[in-house]
>>> print(open('final_10.txt').read())   # compact mmCIF, C-alpha atoms
# COMPACT_ATOMS: atom_id res chain seq x y z
CA MET A 81 -40.34 68.63 -179.66
CA TYR A 82 -40.96 67.46 -176.12
CA SER A 83 -42.26 63.97 -175.49
CA PHE A 84 -44.58 63.71 -172.53
CA GLN A 85 -44.41 60.76 -170.18
CA VAL A 86 -47.82 59.52 -169.13
CA GLU A 87 -48.18 57.86 -165.72
CA SER A 88 -49.45 54.33 -165.87
CA GLY A 89 -52.16 52.92 -163.65
CA ALA A 90 -55.18 54.51 -162.04
CA HIS A 91 -55.03 58.19 -161.16
CA PRO A 92 -55.13 58.80 -157.40
CA ALA A 93 -58.17 60.57 -156.00
CA PRO A 94 -57.73 64.13 -154.74
CA PRO A 95 -56.69 64.20 -151.07
CA PRO A 96 -59.41 64.69 -148.43
CA PHE A 97 -58.81 68.39 -147.83
CA ALA A 98 -59.01 69.16 -151.54
CA ARG A 99 -62.27 67.21 -151.85
CA MET A 100 -63.83 68.92 -148.84
CA ALA A 101 -62.69 72.47 -149.62
CA ALA A 102 -63.52 72.30 -153.33
CA ASP A 103 -67.24 72.74 -152.71
CA PRO A 104 -68.07 76.48 -152.40
CA LEU A 105 -70.53 76.02 -149.53
CA ARG A 106 -68.19 73.77 -147.55
CA TRP A 107 -65.42 76.31 -148.08
CA ARG A 108 -67.73 79.07 -146.81
CA LEU A 109 -68.58 77.01 -143.72
CA LEU A 110 -64.89 76.35 -143.04
CA ARG A 111 -64.15 80.05 -143.36
CA GLU A 112 -66.96 81.02 -140.99
CA LEU A 113 -65.94 78.40 -138.42
CA SER A 114 -62.33 79.56 -138.62
CA ARG A 115 -63.55 82.82 -137.08
CA GLY A 116 -65.42 81.23 -134.19
CA ASP A 117 -67.87 78.55 -133.12
CA ARG A 118 -71.37 78.72 -134.60
CA ARG A 119 -74.79 77.11 -134.32
CA VAL A 120 -76.53 75.74 -137.41
CA ARG A 121 -79.04 78.58 -137.61
CA GLU A 122 -76.19 81.10 -137.55
CA LEU A 123 -74.37 79.29 -140.35
CA VAL A 124 -77.62 79.15 -142.34
CA GLN A 125 -77.98 82.92 -142.00
CA LEU A 126 -74.33 83.61 -142.86
CA ALA A 127 -74.29 81.27 -145.85
CA GLY A 128 -77.73 82.23 -147.13
CA GLN A 129 -78.57 78.59 -147.84
CA PRO A 130 -81.35 76.23 -146.67
CA GLN A 131 -80.79 74.51 -143.34
CA SER A 132 -81.04 71.05 -144.89
CA LEU A 133 -78.18 71.85 -147.27
CA VAL A 134 -76.00 73.42 -144.57
CA SER A 135 -76.60 70.44 -142.26
CA TYR A 136 -75.68 68.01 -145.04
CA HIS A 137 -72.36 69.73 -145.70
CA LEU A 138 -71.63 70.06 -141.99
CA ALA A 139 -72.05 66.30 -141.72
CA GLN A 140 -69.52 65.87 -144.55
CA LEU A 141 -67.05 68.15 -142.81
CA ARG A 142 -67.53 66.32 -139.51
CA ALA A 143 -66.95 62.96 -141.18
CA SER A 144 -63.66 64.27 -142.57
CA GLY A 145 -62.54 65.43 -139.12
CA LEU A 146 -62.25 69.07 -140.17
CA VAL A 147 -65.18 70.14 -138.00
CA GLY A 148 -66.30 69.02 -134.55
CA ALA A 149 -69.45 69.64 -132.51
CA ARG A 150 -70.39 70.16 -128.87
CA ARG A 151 -73.73 70.48 -127.12
CA SER A 152 -74.34 73.98 -125.81
CA SER A 153 -73.90 74.31 -122.07
CA PHE A 154 -76.55 77.06 -122.15
CA ASP A 155 -79.22 75.14 -124.05
CA GLY A 156 -78.62 71.43 -124.48
CA ARG A 157 -80.88 71.38 -127.54
CA ASP A 158 -78.33 73.53 -129.38
CA THR A 159 -75.02 72.40 -130.86
CA TYR A 160 -71.95 74.52 -131.48
CA TYR A 161 -69.76 73.58 -134.46
CA HIS A 162 -66.06 74.35 -134.39
CA LEU A 163 -63.14 74.06 -136.76
CA ASP A 164 -60.34 71.64 -135.85
CA PRO A 165 -57.32 73.72 -136.92
CA VAL A 166 -54.79 70.99 -136.19
CA ARG A 167 -56.64 68.49 -138.38
CA CYS A 168 -56.99 71.16 -141.09
CA ALA A 169 -53.25 71.84 -140.99
CA GLU A 170 -52.47 68.12 -141.19
CA LEU A 171 -54.75 67.54 -144.18
CA LEU A 172 -53.64 70.72 -145.92
CA THR A 173 -50.00 69.69 -145.54
CA ALA A 174 -50.82 66.24 -146.92
CA ALA A 175 -52.64 67.83 -149.86
CA GLY A 176 -49.61 69.95 -150.71
CA ALA A 177 -47.29 66.95 -150.53
CA ALA A 178 -49.66 64.91 -152.69
CA LEU A 179 -49.46 67.57 -155.40
CA HIS A 180 -45.70 68.07 -155.23
CA PRO A 181 -43.04 67.14 -152.63
CA GLY A 182 -41.75 70.71 -152.65
CA LEU A 183 -45.05 72.14 -151.46
CA ARG A 184 -44.88 72.51 -147.71
CA LEU A 185 -46.67 74.83 -145.34
CA GLN A 186 -44.46 77.65 -144.15
CA PRO A 187 -44.51 78.79 -140.51
CA ALA A 188 -46.63 81.86 -139.84
CA PRO A 189 -44.66 85.11 -140.05
CA PRO A 190 -43.89 86.89 -136.78
CA ALA A 191 -46.42 89.51 -135.84
CA ALA A 192 -45.50 92.97 -137.03
CA ARG A 193 -44.43 95.34 -134.30
CA GLY A 194 -46.58 98.37 -133.79
CA ALA A 195 -49.78 99.05 -131.92
CA VAL A 196 -50.39 96.50 -129.16
CA ARG A 197 -53.71 94.66 -129.58
CA THR A 198 -56.04 94.12 -126.65
CA VAL A 199 -58.37 91.20 -126.00
CA LEU A 200 -60.91 90.44 -123.28
CA PHE A 201 -61.67 86.77 -122.55
CA LEU A 202 -65.01 86.04 -120.90
CA CYS A 203 -66.55 83.03 -119.18
CA THR A 204 -69.04 82.59 -116.35
CA GLY A 205 -66.81 82.24 -113.28
CA ASN A 206 -63.50 83.72 -114.46
CA SER A 207 -62.10 80.87 -112.39
CA ALA A 208 -60.45 78.72 -115.08
CA ARG A 209 -61.02 79.10 -118.83
CA SER A 210 -60.73 82.87 -119.21
CA GLN A 211 -57.89 83.10 -116.70
CA ALA A 212 -55.93 80.44 -118.60
CA ALA A 213 -56.64 82.15 -121.91
CA GLU A 214 -55.50 85.52 -120.56
CA ALA A 215 -52.21 84.10 -119.29
CA LEU A 216 -51.51 81.98 -122.38
CA THR A 217 -52.11 84.94 -124.67
CA GLU A 218 -49.79 87.18 -122.68
CA VAL A 219 -47.01 84.61 -122.85
CA ARG A 220 -47.50 83.26 -126.37
CA SER A 221 -47.85 86.71 -127.95
CA GLY A 222 -44.57 87.91 -126.51
CA GLY A 223 -46.20 91.12 -125.36
CA ARG A 224 -47.82 91.91 -128.73
CA VAL A 225 -51.28 91.37 -127.22
CA ARG A 226 -52.50 92.68 -123.87
CA ALA A 227 -55.01 90.22 -122.47
CA PHE A 228 -57.70 90.64 -119.83
CA SER A 229 -60.37 88.32 -118.44
CA ALA A 230 -63.61 88.54 -116.50
CA GLY A 231 -66.73 86.57 -115.62
CA SER A 232 -70.46 87.19 -115.43
CA HIS A 233 -70.57 85.44 -112.01
CA PRO A 234 -66.97 85.45 -110.70
CA ARG A 235 -65.70 82.65 -108.48
CA PRO A 236 -62.25 82.12 -106.92
CA LEU A 237 -59.58 80.57 -109.12
CA HIS A 238 -59.87 76.80 -109.21
CA PRO A 239 -56.81 74.99 -107.76
CA ASN A 240 -56.53 72.89 -110.91
CA VAL A 241 -56.10 75.88 -113.19
CA LEU A 242 -53.12 76.89 -111.06
CA ARG A 243 -51.70 73.38 -111.42
CA VAL A 244 -52.30 72.99 -115.14
CA MET A 245 -50.81 76.37 -115.96
CA ALA A 246 -47.83 75.77 -113.66
CA SER A 247 -47.11 72.62 -115.69
CA ARG A 248 -46.72 74.95 -118.67
CA GLY A 249 -44.40 77.28 -116.81
CA ILE A 250 -47.05 79.95 -116.16
CA ASP A 251 -47.69 81.14 -112.61
CA LEU A 252 -51.25 82.32 -111.88
CA ALA A 253 -50.64 82.83 -108.16
CA GLY A 254 -51.89 86.19 -106.98
CA ARG A 255 -54.44 86.64 -109.77
CA SER A 256 -58.05 87.27 -108.83
CA SER A 257 -61.40 86.89 -110.55
CA LYS A 258 -63.02 90.01 -112.04
CA GLN A 259 -66.62 91.00 -112.68
CA LEU A 260 -67.62 91.51 -116.32
CA SER A 261 -69.38 94.78 -115.49
CA ALA A 262 -66.03 96.35 -114.56
CA PHE A 263 -64.98 96.22 -118.23
CA THR A 264 -68.13 97.17 -120.13
CA SER A 265 -67.11 100.81 -120.68
CA ARG A 266 -63.61 99.94 -121.89
CA ARG A 267 -62.37 99.54 -125.44
CA PHE A 268 -60.85 96.33 -126.72
CA ASP A 269 -59.76 95.19 -130.13
CA TYR A 270 -61.29 91.75 -129.55
CA VAL A 271 -63.76 90.14 -127.16
CA ILE A 272 -63.69 86.33 -127.03
CA THR A 273 -66.37 84.40 -125.14
CA LEU A 274 -65.32 80.94 -123.96
CA CYS A 275 -68.61 79.87 -122.41
CA ASP A 276 -71.98 79.32 -124.08
CA ARG A 277 -73.78 80.90 -121.12
CA VAL A 278 -71.75 84.09 -121.07
CA ARG A 279 -72.15 84.46 -124.83
CA GLU A 280 -75.89 84.92 -124.23
CA VAL A 281 -75.31 87.83 -121.84
CA CYS A 282 -72.24 89.40 -123.44
CA PRO A 283 -72.83 93.16 -123.72
CA GLU A 284 -71.89 95.43 -126.61
CA PHE A 285 -68.50 97.01 -125.99
CA PRO A 286 -67.53 100.47 -127.24
CA GLY A 287 -65.34 100.80 -130.30
CA HIS A 288 -66.83 97.87 -132.26
CA PRO A 289 -64.33 95.16 -131.27
CA GLY A 290 -64.08 91.86 -133.11
CA TYR A 291 -66.30 89.29 -131.39
CA PHE A 292 -65.48 85.58 -131.40
CA HIS A 293 -66.95 82.59 -129.58
CA TRP A 294 -65.03 79.47 -128.58
CA SER A 295 -67.37 76.90 -127.05
CA ILE A 296 -65.11 75.29 -124.44
CA PRO A 297 -66.61 73.03 -121.73
CA ASP A 298 -66.28 74.05 -118.09
CA PRO A 299 -63.63 71.69 -116.66
CA ALA A 300 -64.85 72.20 -113.09
CA THR A 301 -67.96 70.05 -113.62
CA SER A 302 -66.07 66.73 -113.53
CA GLY A 303 -66.22 65.82 -109.83
CA SER A 304 -63.44 66.22 -107.28
CA ASP A 305 -60.29 68.23 -107.93
CA GLU A 306 -58.37 65.05 -108.64
CA ASP A 307 -61.05 63.62 -110.91
CA SER A 308 -61.42 66.87 -112.84
CA TYR A 309 -57.72 67.49 -113.48
CA PRO A 310 -57.74 65.70 -116.89
CA ALA A 311 -60.58 68.03 -117.98
CA PHE A 312 -58.43 71.02 -117.02
CA GLU A 313 -55.56 69.58 -119.03
CA ARG A 314 -57.83 69.18 -122.07
CA MET A 315 -59.07 72.75 -121.59
CA ALA A 316 -55.53 74.14 -121.47
CA ALA A 317 -54.45 72.13 -124.51
CA GLU A 318 -57.43 73.34 -126.54
CA LEU A 319 -56.83 76.94 -125.51
CA GLU A 320 -53.16 76.65 -126.48
CA THR A 321 -54.16 75.42 -129.94
CA ARG A 322 -56.87 78.02 -130.50
CA ILE A 323 -54.76 80.90 -129.20
CA GLY A 324 -51.79 79.81 -131.31
CA PHE A 325 -53.86 79.83 -134.49
CA TRP A 326 -55.59 83.08 -133.52
CA LEU A 327 -52.25 84.80 -132.94
CA ALA A 328 -51.01 83.49 -136.28
CA GLY A 329 -54.07 85.06 -137.88
CA LEU A 330 -53.25 88.40 -136.27
CA ALA A 331 -49.69 88.14 -137.55
CA ALA A 332 -50.88 87.43 -141.08
CA ALA A 333 -53.19 90.46 -141.16
CA PRO A 334 -51.10 93.44 -140.01
CA GLU A 335 -53.20 95.79 -142.11
CA GLN A 336 -56.24 95.26 -139.87
CA ALA A 337 -56.63 98.42 -137.85
CA SER A 338 -56.41 98.27 -134.10
CA VAL A 339 -58.90 100.06 -131.91
CA GLN A 340 -55.91 101.27 -129.95
CA ASP A 341 -54.58 103.12 -133.01
CA ALA A 342 -57.26 105.73 -132.52
CA GLN A 343 -58.32 105.36 -128.90
CA ALA A 344 -56.74 105.86 -125.51
CA PRO A 345 -55.01 102.74 -124.18
CA VAL A 346 -56.90 100.44 -121.84
CA GLN A 347 -55.79 100.77 -118.23
CA GLU A 348 -55.34 97.86 -115.87
CA ALA A 349 -58.26 96.97 -113.64
>>> encode(input="final_10.txt", output="structure tokens")
Amino acid sequence: MYSFQVESGAHPAPPPFARMAADPLRWRLLRELSRGDRRVRELVQLAGQPQSLVSYHLAQLRASGLVGARRSSFDGRDTYYHLDPVRCAELLTAAGAALHPGLRLQPAPPAARGAVRTVLFLCTGNSARSQAAEALTEVRSGGRVRAFSAGSHPRPLHPNVLRVMASRGIDLAGRSSKQLSAFTSRRFDYVITLCDRVREVCPEFPGHPGYFHWSIPDPATSGSDEDSYPAFERMAAELETRIGFWLAGLAAAPEQASVQDAQAPVQEA
């Protein structure tokens, strides 16, 4: 007969991620925010719970560092909530290690070869955020995703986006800004808005693509080119993180059908 050894002393509390994710509503909010940035009223509708309860649990998630918030650049009375995937990964790893040293997160599997996915990134000027996202996706996906970008009110590429991408080994020289209307009749697998203003005017695209919103501040509002460069660096770093996790999600869901499986391929603008 086995004899069981009982640990002495007080039992440790569950790690933060386990405490936060154990509540069904908080888990639902985390899942929704993993798909894109949302306002409170949208989370209330998706969760089917009273606003006071959703706001309470959002405050808990913010206090834990799993969720962040930004004022909308379209309507300053609104706030967009977003998941912090790096913080989630850190706390999830710590939770696994707290349960057993052998539990470690495994790297995401490589994306399955097959139909190439397409994504359109949108912002207002197509002068920084969407251009950086397009280039980062092309490079980081290794050709598994064809990326495009456009703006509702195109402006020339900002010098700082050329600099910040060059520091990552990506050359944007020769690229130009494109008008959103040039893409509205085309089919994409995904459309990702990076600007709160363009989200409000984003049209419906044919083929029912997956829509996501990443509320990323415009780095060009921070003064002179020299003064604003740190904002461009923060923008590029955030896009790298979000795109990396998004690509990992695509790799983990190869069964999700691509619009391009059944439709003619998108041609270059």
>>> axis_aligned_box(input="final_10.txt", around="range 167-178 of chain A", padding_each_side="4 Å", output="AutoDock Vina command-line options")
--center_x -52.1 --center_y 68.4 --center_z -145.5 --size_x 17.7 --size_y 14.9 --size_z 22.3
>>> residues_around(input="final_10.txt", residues="range 267-276 of chain A", least_positions_apart="5", cutoff="6 Å", atoms="all atoms listed in the file", output="PDB file with C-alpha atoms, keeping the file's coordinate frame")
ATOM      1  CA  SER A 153     -73.900  74.310-122.070  1.00  0.00           C
ATOM      2  CA  PHE A 154     -76.550  77.060-122.150  1.00  0.00           C
ATOM      3  CA  THR A 198     -56.040  94.120-126.650  1.00  0.00           C
ATOM      4  CA  VAL A 199     -58.370  91.200-126.000  1.00  0.00           C
ATOM      5  CA  LEU A 200     -60.910  90.440-123.280  1.00  0.00           C
ATOM      6  CA  PHE A 201     -61.670  86.770-122.550  1.00  0.00           C
ATOM      7  CA  LEU A 202     -65.010  86.040-120.900  1.00  0.00           C
ATOM      8  CA  CYS A 203     -66.550  83.030-119.180  1.00  0.00           C
ATOM      9  CA  PRO A 286     -67.530 100.470-127.240  1.00  0.00           C
ATOM     10  CA  GLY A 287     -65.340 100.800-130.300  1.00  0.00           C
ATOM     11  CA  PRO A 289     -64.330  95.160-131.270  1.00  0.00           C
ATOM     12  CA  GLY A 290     -64.080  91.860-133.110  1.00  0.00           C
ATOM     13  CA  TYR A 291     -66.300  89.290-131.390  1.00  0.00           C
ATOM     14  CA  PHE A 292     -65.480  85.580-131.400  1.00  0.00           C
ATOM     15  CA  HIS A 293     -66.950  82.590-129.580  1.00  0.00           C
ATOM     16  CA  TRP A 294     -65.030  79.470-128.580  1.00  0.00           C
ATOM     17  CA  SER A 295     -67.370  76.900-127.050  1.00  0.00           C
ATOM     18  CA  ILE A 296     -65.110  75.290-124.440  1.00  0.00           C
ATOM     19  CA  VAL A 339     -58.900 100.060-131.910  1.00  0.00           C
TER      20      VAL A 339
END
>>> residues_around(input="final_10.txt", residues="range 93-109 of chain A", least_positions_apart="3", cutoff="10 Å", atoms="all atoms listed in the file", output="number ranges by chain")
A: 90, 112-114, 118, 123-124, 126-129, 133-134, 136-138, 140-141, 144-147, 161, 163, 167-179
>>> closest_residue(input="final_10.txt", among="A:Ser232, A:Thr159, A:Ser304, A:Ser135", to="Glu280 in chain A", atoms="all atoms listed in the file")
A:Ser232
>>> closest_residue(input="final_10.txt", among="A:Met245, A:Leu237, A:Ala311, A:Ala230", to="Thr264 in chain A", atoms="only C-alpha atoms")
A:Ala230
>>> atom_distance(input="final_10.txt", atom1="CA of Phe263 in chain A", atom2="CA of Arg235 in chain A")
16.7 Å
>>> residues_around(input="final_10.txt", residues="Gly254 in chain A", least_positions_apart="6", cutoff="12 Å", atoms="only C-alpha atoms", output="JSON, numbers by chain")
{"A": [211, 236, 237, 242]}
>>> write_last_selection(input="final_10.txt", atoms="C-alpha atoms", output="tab-separated table (two decimals), in the coordinates of the input")
chain	number	residue	atom	x	y	z
A	211	GLN	CA	-57.89	83.10	-116.70
A	236	PRO	CA	-62.25	82.12	-106.92
A	237	LEU	CA	-59.58	80.57	-109.12
A	242	LEU	CA	-53.12	76.89	-111.06
>>> atom_distance(input="final_10.txt", atom1="CA of Ser229 in chain A", atom2="CA of Gly303 in chain A")
24.8 Å
>>> closest_residue(input="final_10.txt", among="A:Val166, A:Leu260, A:Val225, A:Ala213", to="Val196 in chain A", atoms="all atoms listed in the file")
A:Val225
>>> closest_residue(input="final_10.txt", among="A:His162, A:Asp298, A:Asp155, A:Leu319", to="Glu214 in chain A", atoms="all atoms listed in the file")
A:Leu319
>>> atom_distance(input="final_10.txt", atom1="CA of Arg322 in chain A", atom2="CA of Arg209 in chain A")
12.4 Å
>>> closest_residue(input="final_10.txt", among="A:Pro299, A:Gly231, A:Pro165, A:Pro130", to="Glu320 in chain A", atoms="only C-alpha atoms")
A:Pro165
>>> residues_around(input="final_10.txt", residues="Arg220 in chain A", least_positions_apart="2", cutoff="10 Å", atoms="all atoms listed in the file", output="count of residues only")
12
